[in-house]
Amino acid sequence: LGVASGGTVLVHGSLSELGWVCGGAPAVVDALQRVVGEGGTVAMPTHSPGNMDPADMSSPPVPESWYETVREGMPPYRPDVTPTQGMGAIAECFRSCPDVRRSDHPQHSFAAWGADAAFVTGTHPYDDSLGEDSPLARVYDLDGDVLFLGTTHATNTSLHLAEYRADLDIETVTAAGAVLVDGDREWTEWEDLDIDDADFPDCGRAFERERPAAVETGTVGVGDAKRLSQPALVDFAVEWFEANRG
């Protein structure tokens, strides 16, 4: 696929799509680190969306009578402790590996390992979760790649960076979660964009059709795999969203 030593790669992986892997998720993480090397950087989304306001919970919904109990009892986000949710076995394994750094966002964190891990994860404000001050933008600054291992554009988080950069009329919403402030647990609220990934598959297909030189395809195990230039993808998506979103 062209993943090279010294490069920066943002990985989206589905272990089950790769078929049987000897050693499971640790084998995948080992392989990524071995190929990229300590002079490069491996990053992954390590989101924990369950640390949210109970009024926004929907799978399942929480009775209104529980709201204050949840707000008072939700454990705070801690990079070394809080598990990922919905990210898959590879990302969950990766976040706890030695020398991996994880950003401070309580819902949309990223983890990174390698030469630029601190640069990628060091700044991550709550109110710019996937925008200009997020790890996504730092991968862009490093001219990084996006790597799909059995995944698709439906979960291509880098397209959210294009939403923040595009000239779109996106409303803001209030988010909330439990965090640590000077060692003490606090329930905090912040404003952020009301992002939407419903059209990500359409945008991704258009990118691959119109920018074929920026995409490499192949297989890993029995799973479909792709490597895409993240800057090319984000720049394309900015224009695509502006042209195709009402």
# chains A, B, ... in the order shown; residues from 1 in each chain; ligands from 1
>>> residues_around(residues="stretch 65-73 of chain A", least_positions_apart="5", cutoff="8 Å", atoms="only C-alpha atoms", output="number ranges by chain")
A: 53-55, 177-178, 187
>>> write_last_selection(atoms="N, CA and C atoms", output="short mmCIF file (atom, residue, chain, number, x, y, z; two decimals), in the first residue's frame")
data_model
loop_
_atom_site.label_atom_id
_atom_site.label_comp_id
_atom_site.auth_asym_id
_atom_site.auth_seq_id
_atom_site.Cartn_x
_atom_site.Cartn_y
_atom_site.Cartn_z
N ASP A 53 -23.56 14.09 28.07
CA ASP A 53 -24.72 14.48 28.86
C ASP A 53 -25.81 13.42 28.71
N PRO A 54 -26.41 12.98 29.80
CA PRO A 54 -27.44 11.93 29.71
C PRO A 54 -28.64 12.34 28.86
N ALA A 55 -28.90 13.64 28.72
CA ALA A 55 -30.01 14.08 27.88
C ALA A 55 -29.76 13.75 26.41
N GLY A 177 -19.43 16.60 29.60
CA GLY A 177 -18.82 15.37 30.05
C GLY A 177 -18.07 15.58 31.34
N ALA A 178 -17.62 14.47 31.91
CA ALA A 178 -16.86 14.51 33.16
C ALA A 178 -15.37 14.53 32.85
N TRP A 187 -17.93 18.18 36.19
CA TRP A 187 -18.85 18.06 35.05
C TRP A 187 -18.79 19.39 34.30
#
>>> closest_atom_pairs(of="stretch 55-133 of chain A", to="stretch 168-175 of chain A", cutoff="12 Å", atoms="only C-alpha atoms", output="Markdown table")
| residue | atom | partner | partner_atom | distance |
| --- | --- | --- | --- | --- |
| A:Ala55 | CA | A:Ala175 | CA | 10.2 |
| A:Asp56 | CA | A:Ala175 | CA | 8.7 |
| A:Met57 | CA | A:Ala175 | CA | 11.5 |
| A:His105 | CA | A:Ala175 | CA | 11.8 |
| A:Pro106 | CA | A:Ala175 | CA | 10.5 |
| A:Gln107 | CA | A:Ala175 | CA | 9.5 |
| A:His108 | CA | A:Ala175 | CA | 11.6 |
| A:Tyr126 | CA | A:Ala175 | CA | 9.0 |
| A:Asp127 | CA | A:Ala175 | CA | 8.8 |
| A:Asp128 | CA | A:Thr172 | CA | 10.9 |
| A:Ser129 | CA | A:Ala175 | CA | 10.7 |
>>> atom_distance(atom1="atom CA of A:Pro60", atom2="atom CA of A:Phe148")
29.2 Å
>>> select_by_dssp(residues="stretch 37-161 of chain A", states="alpha helix (DSSP H)", output="PyMOL selection string")
chain A and resi 67-73+89-95+117-121+135-141+158-161
>>> write_last_selection(atoms="C-alpha atoms", output="mmCIF file, in the first residue's frame")
data_model
loop_
_atom_site.group_PDB
_atom_site.id
_atom_site.type_symbol
_atom_site.label_atom_id
_atom_site.label_comp_id
_atom_site.auth_asym_id
_atom_site.auth_seq_id
_atom_site.Cartn_x
_atom_site.Cartn_y
_atom_site.Cartn_z
ATOM 1 C CA TYR A 67 -29.974 12.727 34.587
ATOM 2 C CA GLU A 68 -28.538 14.257 37.741
ATOM 3 C CA THR A 69 -27.307 10.883 39.007
ATOM 4 C CA VAL A 70 -25.402 10.354 35.763
ATOM 5 C CA ARG A 71 -23.967 13.874 35.798
ATOM 6 C CA GLU A 72 -22.799 13.391 39.377
ATOM 7 C CA GLY A 73 -21.494 9.844 38.973
ATOM 8 C CA ALA A 89 -10.107 -3.899 19.001
ATOM 9 C CA ILE A 90 -7.058 -2.449 17.220
ATOM 10 C CA ALA A 91 -7.538 1.080 18.556
ATOM 11 C CA GLU A 92 -8.385 -0.201 22.038
ATOM 12 C CA CYS A 93 -5.159 -2.216 22.060
ATOM 13 C CA PHE A 94 -3.111 0.649 20.638
ATOM 14 C CA ARG A 95 -4.156 3.241 23.237
ATOM 15 C CA ALA A 117 3.216 11.703 18.876
ATOM 16 C CA ALA A 118 3.469 14.708 21.200
ATOM 17 C CA PHE A 119 2.867 17.124 18.320
ATOM 18 C CA VAL A 120 -0.231 15.211 17.181
ATOM 19 C CA THR A 121 -1.846 14.822 20.607
ATOM 20 C CA PRO A 135 -4.982 16.022 16.163
ATOM 21 C CA LEU A 136 -6.602 15.727 12.727
ATOM 22 C CA ALA A 137 -5.109 19.065 11.716
ATOM 23 C CA ARG A 138 -1.710 18.027 13.055
ATOM 24 C CA VAL A 139 -1.768 14.919 10.848
ATOM 25 C CA TYR A 140 -2.584 17.271 7.959
ATOM 26 C CA ASP A 141 0.394 19.477 8.901
ATOM 27 C CA SER A 158 -10.552 13.214 8.633
ATOM 28 C CA LEU A 159 -13.607 14.352 6.683
ATOM 29 C CA HIS A 160 -14.767 16.128 9.839
ATOM 30 C CA LEU A 161 -11.744 18.427 9.547
#
>>> select_by_dssp(residues="stretch 54-118 of chain A", states="strand (DSSP E or B)", output="ChimeraX atom specification")
/A:58,61,101-102,110-114
>>> closest_atom_pairs(of="stretch 51-153 of chain A", to="stretch 225-230 of chain A", cutoff="6 Å", atoms="only C-alpha atoms", output="tab-separated table")
residue	atom	partner	partner_atom	distance
A:Gly144	CA	A:Gln230	CA	5.8
A:Asp145	CA	A:Ser229	CA	4.6
A:Val146	CA	A:Leu228	CA	5.1
A:Leu147	CA	A:Arg227	CA	4.6
A:Phe148	CA	A:Lys226	CA	5.0
A:Leu149	CA	A:Ala225	CA	4.8
A:Gly150	CA	A:Ala225	CA	5.7
>>> write_last_selection(atoms="N, CA and C atoms", output="compact mmCIF listing (two decimals), in the first residue's frame")
# COMPACT_ATOMS: atom_id res chain seq x y z
N GLY A 144 0.30 13.67 6.39
CA GLY A 144 0.07 12.27 6.72
C GLY A 144 -0.89 11.57 5.78
N ASP A 145 -0.98 10.27 5.95
CA ASP A 145 -1.90 9.43 5.19
C ASP A 145 -3.01 8.92 6.11
N VAL A 146 -4.13 8.55 5.50
CA VAL A 146 -5.19 7.82 6.17
C VAL A 146 -5.10 6.38 5.69
N LEU A 147 -5.15 5.44 6.62
CA LEU A 147 -5.06 4.02 6.28
C LEU A 147 -6.32 3.32 6.73
N PHE A 148 -7.03 2.72 5.77
CA PHE A 148 -8.19 1.87 6.06
C PHE A 148 -7.73 0.42 6.10
N LEU A 149 -7.96 -0.25 7.21
CA LEU A 149 -7.73 -1.68 7.32
C LEU A 149 -9.09 -2.34 7.56
N GLY A 150 -9.78 -2.65 6.47
CA GLY A 150 -11.10 -3.25 6.58
C GLY A 150 -12.20 -2.26 6.89
>>> atom_distance(atom1="atom CA of A:Thr84", atom2="atom CA of A:Asp197")
19.3 Å
>>> atom_distance(atom1="atom CA of A:Thr151", atom2="atom CA of A:Asp224")
7.5 Å
